[in-house]
>>> print(open('my_file_32.txt').read())   # compact mmCIF, C-alpha atoms (C1' of nucleotides)
# COMPACT_ATOMS: atom_id res chain seq x y z
CA MET A 23 -55.97 -74.32 1.05
CA THR A 24 -53.18 -75.02 3.43
CA SER A 25 -54.20 -77.32 6.22
CA THR A 26 -56.85 -78.89 8.34
CA ALA A 27 -59.91 -76.80 7.57
CA ALA A 28 -62.69 -79.29 7.16
CA THR A 29 -64.66 -76.98 4.95
CA SER A 30 -66.07 -73.52 5.36
CA ARG A 31 -68.97 -74.53 7.55
CA ASP A 32 -68.56 -74.67 11.31
CA LEU A 33 -70.93 -76.06 13.88
CA PRO A 34 -71.53 -74.69 17.39
CA HIS A 35 -70.31 -76.92 20.20
CA PRO A 36 -70.33 -76.35 23.94
CA VAL A 37 -66.82 -76.01 25.33
CA ARG A 38 -65.85 -78.56 27.93
CA ASP A 39 -66.86 -76.48 30.94
CA GLU A 40 -70.29 -75.87 29.49
CA ILE A 41 -71.15 -79.55 29.32
CA ARG A 42 -73.79 -80.48 31.90
CA LEU A 43 -74.40 -83.92 33.29
CA GLU A 44 -78.15 -83.50 33.08
CA ALA A 45 -77.93 -82.63 29.40
CA VAL A 46 -75.72 -85.62 28.72
CA LEU A 47 -78.12 -87.96 30.49
CA HIS A 48 -81.06 -86.44 28.69
CA ALA A 49 -79.34 -86.90 25.35
CA LEU A 50 -78.57 -90.53 26.11
CA SER A 51 -82.03 -91.32 27.46
CA GLU A 52 -83.38 -91.51 23.91
CA PRO A 53 -82.96 -95.05 22.49
CA LEU A 54 -81.92 -93.92 19.03
CA ARG A 55 -79.35 -91.51 20.37
CA LEU A 56 -77.97 -94.06 22.80
CA GLN A 57 -77.60 -96.47 19.92
CA ILE A 58 -75.77 -93.87 17.85
CA VAL A 59 -73.30 -93.24 20.66
CA ARG A 60 -72.76 -96.95 21.17
CA GLU A 61 -71.91 -97.42 17.51
CA LEU A 62 -69.66 -94.39 17.49
CA CYS A 63 -67.71 -95.76 20.44
CA ALA A 64 -67.60 -99.24 18.97
CA GLU A 65 -66.08 -98.01 15.73
CA ALA A 66 -63.55 -95.81 17.50
CA ASP A 67 -63.50 -93.62 14.43
CA GLU A 68 -65.39 -90.79 12.88
CA LEU A 69 -68.60 -91.87 11.24
CA ALA A 70 -70.78 -89.97 8.80
CA CYS A 71 -74.43 -89.41 9.63
CA SER A 72 -75.28 -91.45 6.57
CA TYR A 73 -73.45 -94.43 8.04
CA PHE A 74 -76.36 -94.99 10.38
CA ASP A 75 -79.43 -96.72 9.10
CA LEU A 76 -82.00 -95.29 11.44
CA PRO A 77 -85.73 -95.99 11.20
CA VAL A 78 -86.54 -92.28 10.92
CA THR A 79 -86.34 -89.66 8.20
CA LYS A 80 -83.31 -87.52 7.48
CA SER A 81 -84.90 -84.58 9.25
CA THR A 82 -85.26 -86.56 12.43
CA THR A 83 -81.75 -87.92 12.12
CA THR A 84 -80.43 -84.37 11.88
CA HIS A 85 -82.39 -83.49 14.97
CA HIS A 86 -80.97 -86.33 17.05
CA PHE A 87 -77.40 -85.60 16.03
CA ARG A 88 -77.91 -81.98 16.94
CA VAL A 89 -79.14 -82.90 20.40
CA LEU A 90 -76.05 -85.05 20.87
CA ARG A 91 -73.79 -82.26 19.69
CA GLU A 92 -75.42 -79.51 21.74
CA SER A 93 -75.28 -81.60 24.88
CA GLY A 94 -71.54 -82.10 24.36
CA VAL A 95 -71.66 -85.83 23.76
CA ILE A 96 -70.36 -85.77 20.21
CA ARG A 97 -68.30 -83.48 18.03
CA GLN A 98 -69.40 -82.87 14.47
CA VAL A 99 -67.35 -81.59 11.57
CA TYR A 100 -68.00 -81.33 7.88
CA ARG A 101 -65.83 -83.23 5.43
CA GLY A 102 -67.09 -82.43 2.01
CA THR A 103 -70.78 -83.19 1.87
CA ALA A 104 -70.50 -85.63 4.74
CA LYS A 105 -70.80 -84.63 8.38
CA MET A 106 -68.50 -86.72 10.49
CA ASN A 107 -69.32 -87.59 14.09
CA ALA A 108 -67.11 -88.61 16.98
CA VAL A 109 -67.75 -89.01 20.68
CA ARG A 110 -66.01 -86.39 22.82
CA ARG A 111 -64.40 -89.04 24.92
CA ASP A 112 -61.53 -86.87 26.15
CA ASP A 113 -63.82 -84.11 27.37
CA LEU A 114 -66.31 -86.47 28.94
CA ASP A 115 -63.62 -88.51 30.66
CA GLU A 116 -62.06 -85.35 32.03
CA LEU A 117 -65.36 -84.02 33.35
CA PHE A 118 -66.87 -87.31 34.50
CA PRO A 119 -64.19 -89.97 34.87
CA GLY A 120 -65.48 -93.44 34.21
CA LEU A 121 -69.01 -92.35 33.43
CA LEU A 122 -68.96 -92.98 29.71
CA ASP A 123 -67.48 -96.43 30.15
CA SER A 124 -70.08 -97.29 32.75
CA LEU A 125 -72.85 -96.09 30.51
CA LEU A 126 -71.58 -98.06 27.54
CA ALA A 127 -71.13 -101.15 29.66
CA ALA A 128 -74.65 -100.75 30.99
CA ALA A 129 -76.02 -100.37 27.49
CA ASP A 130 -74.10 -103.43 26.28
CA ARG A 131 -75.30 -105.44 29.21
CA GLN A 132 -78.90 -104.48 28.65
CA ALA A 133 -78.65 -105.17 24.92
CA ALA A 134 -77.26 -108.61 25.63
CA ARG A 135 -79.91 -109.30 28.22
CA LEU A 136 -82.82 -108.16 26.10
CA GLY A 137 -81.46 -109.46 22.84
CA ALA A 138 -80.71 -112.93 24.11
CA GLY A 139 -84.11 -113.18 25.75
CA GLY A 140 -82.74 -115.13 28.70
CA MET B 28 -101.71 -107.95 61.75
CA THR B 29 -98.70 -110.03 62.34
CA SER B 30 -95.57 -108.51 60.99
CA THR B 31 -93.82 -106.18 58.61
CA ALA B 32 -96.67 -104.81 56.54
CA ALA B 33 -95.94 -101.15 56.10
CA THR B 34 -99.60 -100.30 55.80
CA SER B 35 -102.37 -101.43 53.54
CA ARG B 36 -101.36 -99.32 50.58
CA ASP B 37 -98.98 -100.71 48.04
CA LEU B 38 -97.24 -98.91 45.23
CA PRO B 39 -96.45 -100.35 41.80
CA HIS B 40 -92.77 -100.89 41.11
CA PRO B 41 -91.05 -102.41 38.10
CA VAL B 42 -89.36 -105.68 38.95
CA ARG B 43 -85.64 -105.79 38.38
CA ASP B 44 -85.80 -107.18 34.87
CA GLU B 45 -88.23 -104.50 33.81
CA ILE B 46 -85.86 -101.67 34.62
CA ARG B 47 -84.59 -99.98 31.46
CA LEU B 48 -81.41 -97.97 31.17
CA GLU B 49 -83.10 -95.32 29.06
CA ALA B 50 -85.77 -94.81 31.69
CA VAL B 51 -83.16 -94.53 34.43
CA LEU B 52 -81.20 -91.96 32.46
CA HIS B 53 -84.35 -90.03 31.68
CA ALA B 54 -85.32 -90.00 35.34
CA LEU B 55 -81.90 -88.72 36.36
CA SER B 56 -81.70 -86.10 33.62
CA GLU B 57 -84.02 -83.85 35.60
CA PRO B 58 -82.03 -81.66 38.05
CA LEU B 59 -84.52 -81.98 40.90
CA ARG B 60 -84.71 -85.74 40.56
CA LEU B 61 -80.96 -86.09 40.35
CA GLN B 62 -80.66 -84.05 43.51
CA ILE B 63 -83.20 -86.26 45.27
CA VAL B 64 -81.24 -89.37 44.38
CA ARG B 65 -77.99 -87.81 45.50
CA GLU B 66 -79.46 -87.00 48.90
CA LEU B 67 -81.00 -90.44 49.21
CA CYS B 68 -77.64 -92.05 48.56
CA ALA B 69 -75.84 -89.66 50.86
CA GLU B 70 -78.13 -90.47 53.77
CA ALA B 71 -77.94 -94.22 53.15
CA ASP B 72 -81.31 -94.54 54.80
CA GLU B 73 -84.96 -94.26 53.96
CA LEU B 74 -86.16 -90.70 53.72
CA ALA B 75 -89.70 -89.38 53.69
CA CYS B 76 -90.86 -87.21 50.82
CA SER B 77 -91.35 -84.41 53.30
CA TYR B 78 -87.66 -84.55 54.18
CA PHE B 79 -86.87 -82.79 50.93
CA ASP B 80 -87.29 -79.06 50.69
CA LEU B 81 -87.86 -78.68 46.99
CA PRO B 82 -88.69 -75.41 45.26
CA VAL B 83 -91.90 -76.83 43.80
CA THR B 84 -95.35 -77.62 45.07
CA LYS B 85 -96.32 -80.90 46.66
CA SER B 86 -98.09 -81.99 43.50
CA THR B 87 -94.91 -81.61 41.52
CA THR B 88 -92.91 -83.34 44.22
CA THR B 89 -95.26 -86.31 44.02
CA HIS B 90 -94.81 -86.35 40.26
CA HIS B 91 -91.02 -86.45 40.47
CA PHE B 92 -90.99 -89.21 43.05
CA ARG B 93 -93.35 -91.22 40.90
CA VAL B 94 -91.08 -90.88 37.88
CA LEU B 95 -88.17 -92.12 39.98
CA ARG B 96 -90.20 -95.03 41.26
CA GLU B 97 -91.65 -96.06 37.90
CA SER B 98 -88.21 -95.96 36.28
CA GLY B 99 -86.91 -98.30 38.97
CA VAL B 100 -84.49 -95.87 40.56
CA ILE B 101 -86.14 -95.74 43.96
CA ARG B 102 -88.42 -97.92 46.05
CA GLN B 103 -91.29 -96.32 47.90
CA VAL B 104 -93.23 -97.68 50.81
CA TYR B 105 -95.77 -96.17 53.14
CA ARG B 106 -95.06 -95.96 56.85
CA GLY B 107 -98.07 -94.40 58.46
CA THR B 108 -98.80 -91.14 56.69
CA ALA B 109 -95.24 -90.85 55.49
CA LYS B 110 -93.97 -92.32 52.24
CA MET B 111 -90.42 -93.51 52.63
CA ASN B 112 -87.96 -93.53 49.75
CA ALA B 113 -84.80 -95.51 49.17
CA VAL B 114 -82.57 -95.97 46.16
CA ARG B 115 -82.74 -99.49 44.68
CA ARG B 116 -79.00 -99.83 44.84
CA ASP B 117 -78.97 -103.64 44.87
CA ASP B 118 -81.12 -103.91 41.76
CA LEU B 119 -79.27 -101.18 39.90
CA ASP B 120 -75.86 -102.57 40.81
CA GLU B 121 -76.94 -105.99 39.63
CA LEU B 122 -78.28 -104.71 36.33
CA PHE B 123 -75.67 -102.05 35.66
CA PRO B 124 -72.55 -102.65 37.75
CA GLY B 125 -70.75 -99.45 38.63
CA LEU B 126 -73.21 -97.19 36.87
CA LEU B 127 -74.84 -95.68 39.91
CA ASP B 128 -71.50 -94.93 41.53
CA SER B 129 -70.23 -93.31 38.35
CA LEU B 130 -73.34 -91.21 38.09
CA LEU B 131 -73.13 -90.08 41.69
CA ALA B 132 -69.44 -89.31 41.33
CA ALA B 133 -70.15 -87.33 38.18
CA ALA B 134 -72.90 -85.39 39.94
CA ASP B 135 -70.64 -84.69 42.93
CA ARG B 136 -67.87 -83.55 40.65
CA GLN B 137 -70.12 -81.23 38.73
CA ALA B 138 -71.64 -79.83 41.91
CA ALA B 139 -68.18 -79.10 43.28
CA ARG B 140 -67.08 -77.55 40.03
CA LEU B 141 -70.11 -75.34 39.60
CA GLY B 142 -70.55 -74.55 43.26
CA ALA B 143 -66.97 -73.53 43.88
CA GLY B 144 -66.83 -71.49 40.72
CA GLY B 145 -63.19 -72.44 40.15
C1' DT C 8 -73.03 -76.12 -16.00
C1' DC C 9 -75.73 -79.88 -14.45
C1' DA C 10 -77.04 -83.47 -11.74
C1' DC C 11 -76.46 -86.05 -7.66
C1' DT C 12 -75.70 -86.77 -2.70
C1' DC C 13 -75.64 -85.28 1.96
C1' DG C 14 -77.40 -82.69 5.13
C1' DT C 15 -80.23 -78.18 6.82
C1' DA C 16 -84.11 -75.10 7.68
C1' DC C 17 -88.75 -74.37 8.29
C1' DG C 18 -93.42 -75.30 9.43
C1' DA C 19 -96.70 -78.48 11.19
C1' DT C 20 -98.35 -81.90 14.41
C1' DA C 21 -99.06 -85.07 17.95
C1' DG C 22 -97.25 -86.51 22.15
C1' DT C 23 -94.86 -86.01 26.49
C1' DC C 24 -93.55 -83.40 30.50
C1' DA C 25 -93.05 -80.12 34.44
C1' DT C 26 -95.80 -77.28 36.77
C1' DC C 27 -99.70 -75.68 39.35
C1' DG C 28 -104.29 -75.45 42.13
C1' DT C 29 -107.97 -77.69 44.12
C1' DA C 30 -110.20 -81.29 46.04
C1' DG C 31 -109.79 -85.59 48.18
C1' DT C 32 -107.92 -89.96 50.76
C1' DA C 33 -105.23 -92.39 54.35
C1' DC C 34 -103.28 -92.53 58.73
C1' DG C 35 -102.32 -91.17 63.57
C1' DG C 36 -103.42 -88.71 67.68
C1' DC C 37 -106.66 -86.27 70.68
C1' DG D 11 -115.58 -88.84 66.06
C1' DC D 12 -112.72 -85.01 64.72
C1' DC D 13 -108.67 -82.69 63.22
C1' DG D 14 -104.15 -82.24 61.29
C1' DT D 15 -100.47 -84.06 58.49
C1' DA D 16 -98.79 -86.39 54.41
C1' DC D 17 -99.54 -87.46 50.18
C1' DT D 18 -102.67 -88.33 45.80
C1' DA D 19 -105.77 -87.68 41.90
C1' DC D 20 -107.50 -84.85 38.51
C1' DG D 21 -107.70 -81.23 35.30
C1' DA D 22 -105.40 -77.49 33.12
C1' DT D 23 -101.61 -75.29 30.94
C1' DG D 24 -97.43 -73.93 28.75
C1' DA D 25 -93.14 -75.73 27.22
C1' DC D 26 -90.52 -78.91 25.05
C1' DT D 27 -89.79 -82.97 21.82
C1' DA D 28 -89.88 -86.47 18.24
C1' DT D 29 -91.61 -86.90 14.03
C1' DC D 30 -92.56 -85.77 9.32
C1' DG D 31 -92.63 -83.44 4.47
C1' DT D 32 -91.03 -80.11 1.55
C1' DA D 33 -87.94 -76.98 -0.02
C1' DC D 34 -83.31 -75.49 0.02
C1' DG D 35 -77.85 -75.12 0.35
C1' DA D 36 -73.22 -76.92 -0.03
C1' DG D 37 -69.99 -79.84 -2.02
C1' DT D 38 -68.37 -83.57 -5.67
C1' DG D 39 -67.80 -85.17 -9.95
C1' DA D 40 -69.24 -85.69 -14.90
>>> encode(input="my_file_32.txt", output="structure tokens")
Amino acid sequence: MTSTAATSRDLPHPVRDEIRLEAVLHALSEPLRLQIVRELCAEADELACSYFDLPVTKSTTTHHFRVLRESGVIRQVYRGTAKMNAVRRDDLDELFPGLLDSLLAAADRQAARLGAGG
Amino acid sequence: MTSTAATSRDLPHPVRDEIRLEAVLHALSEPLRLQIVRELCAEADELACSYFDLPVTKSTTTHHFRVLRESGVIRQVYRGTAKMNAVRRDDLDELFPGLLDSLLAAADRQAARLGAGG
DNA sequence: TCACTCGTACGATAGTCATCGTAGTACGGC
DNA sequence: GCCGTACTACGATGACTATCGTACGAGTGA
């Protein structure tokens, strides 16, 4: 094949204008999903679903990634057998400037506060 | 009685350190509750529950205000028969600097975008 | 072709949630 | 004391959700 086709399979994503703040907040209100997004942003690169060692089964993992994708928080694309995930930072920053950074900062701050047990 | 007691009834609130980001996001992921918080911030003053003209029954209104209170987003206090509501801006700003402003800005932006239909 | 890995689809289940109606409590004014 | 207003508590209900297990599909490499 000629170019950038990931594979044959395509996944449905909301276009930028279909992303809703409420859906984004709902997606991020789940601890596991918030953690996934934090790691995705920390790595600043595409990560496979299997990269994450989550305390749930594969079925549940699939579910959480789908919620993130359908809410517009992440973009998913197949590369071989792996499904790669990346935060839709450009779209989110365009729609809600500064929101993602504030959310990540808030999550970091809380993690530091709760983790350190101060 | 001597001073500032609102009335006899007191309502349970989480203290600052008990406020969790996930709970805040969950509370604000509901359109009605997000709207309530937006109005509370816009008025910059305490507002009674009855101020809001919500398309749900009083029971449901009570439920939504309780979720906001128990997540730490708002503070509620009785004044006579009225229950006054105010956003806990100081606590939220201390815990998650800039988050509330980003969320409100995002909500405003989305409202303008969807309302204007541009 | 065969096996292996990664992820999906489906069905089930237990829990949470938004909603309502009704009945009840607390406060303020008459 | 009595009534009206503001809000609550309780029970019910339908919808959604997080979770799982099992069975399956799609791709990679031997």
>>> closest_atom_pairs(input="my_file_32.txt", of="chain C", to="chain A", cutoff="9 Å", atoms="only C-alpha atoms (C1' of nucleotides)", output="Markdown table")
| residue | atom | partner | partner_atom | distance |
| --- | --- | --- | --- | --- |
| C:DT12 | C1' | A:Thr103 | CA | 7.6 |
| C:DC13 | C1' | A:Thr103 | CA | 5.3 |
| C:DG14 | C1' | A:Thr103 | CA | 7.4 |
| C:DT15 | C1' | A:Thr84 | CA | 8.0 |
>>> residues_around(input="my_file_32.txt", residues="B:Phe92", least_positions_apart="2", cutoff="9 Å", atoms="only C-alpha atoms (C1' of nucleotides)", output="number ranges by chain")
B: 60, 63, 76, 87-90, 94-97, 101, 103, 112
>>> residues_near_point(input="my_file_32.txt", point="(-63.9, -84.6, 34.7)", cutoff="10 Å", atoms="all atoms listed in the file", output="PyMOL selection string")
(chain A and resi 38-39+112-121) or (chain B and resi 132-133+136-137+140)
>>> closest_residue(input="my_file_32.txt", among="A:Val95, A:Ala108, A:Leu43, A:Ala134", to="chain B", atoms="only C-alpha atoms")
A:Leu43
>>> interface_residues(input="my_file_32.txt", of="chain D", to="chain A", cutoff="9 Å", atoms="all atoms listed in the file", output="list in words")
DA28, DT29, DC30, DA36, DG37 and DT38 of chain D
>>> atom_distance(input="my_file_32.txt", atom1="atom CA of B:His53", atom2="atom CA of B:Met111")
22.1 Å
>>> atom_distance(input="my_file_32.txt", atom1="atom CA of A:Asp67", atom2="atom CA of A:Ser124")
19.8 Å
>>> closest_residue(input="my_file_32.txt", among="B:Ala138, B:Leu74, B:Val114, B:Ala69", to="chain A", atoms="only C-alpha atoms")
B:Ala138
>>> atom_distance(input="my_file_32.txt", atom1="atom CA of A:Asp32", atom2="atom CA of A:Pro77")
27.4 Å
>>> closest_residue(input="my_file_32.txt", among="B:Tyr78, B:Pro58, B:Glu70, B:Arg115", to="chain A", atoms="all atoms listed in the file")
B:Pro58
>>> closest_residue(input="my_file_32.txt", among="A:Leu136, A:Leu47, A:Leu56, A:Cys63", to="chain B", atoms="all atoms listed in the file")
A:Leu47
>>> closest_residue(input="my_file_32.txt", among="B:Glu66, B:Asp80, B:Glu73, B:Asp128", to="chain A", atoms="all atoms listed in the file")
B:Asp128
>>> closest_residue(input="my_file_32.txt", among="B:Val104, B:Ala71, B:Leu127, B:Val64", to="chain A", atoms="only C-alpha atoms")
B:Leu127
>>> residues_around(input="my_file_32.txt", residues="C:DC17", least_positions_apart="2", cutoff="10 Å", atoms="all atoms listed in the file", output="JSON, numbers by chain")
{"C": [15, 19], "D": [32, 33, 34]}
>>> axis_aligned_box(input="my_file_32.txt", around="stretch 43-52 of chain B", padding_each_side="3 Å", output="AutoDock Vina command-line options")
--center_x -84.7 --center_y -99.6 --center_z 33.7 --size_x 13.0 --size_y 21.2 --size_z 15.3
>>> residues_around(input="my_file_32.txt", residues="D:DA40", least_positions_apart="2", cutoff="12 Å", atoms="only C-alpha atoms (C1' of nucleotides)", output="ChimeraX atom specification")
/C:8-11 /D:38
>>> residues_around(input="my_file_32.txt", residues="D:DC20", least_positions_apart="4", cutoff="12 Å", atoms="all atoms listed in the file", output="PyMOL selection string")
(chain B and resi 86) or (chain C and resi 28-31)
>>> write_last_selection(input="my_file_32.txt", atoms="C-alpha atoms (C1' of nucleotides)", output="short mmCIF file (atom, residue, chain, number, x, y, z; two decimals), in the frame of the given file")
data_model
loop_
_atom_site.label_atom_id
_atom_site.label_comp_id
_atom_site.auth_asym_id
_atom_site.auth_seq_id
_atom_site.Cartn_x
_atom_site.Cartn_y
_atom_site.Cartn_z
CA SER B 86 -98.09 -81.99 43.50
"C1'" DG C 28 -104.29 -75.45 42.13
"C1'" DT C 29 -107.97 -77.69 44.12
"C1'" DA C 30 -110.20 -81.29 46.04
"C1'" DG C 31 -109.79 -85.59 48.18
#
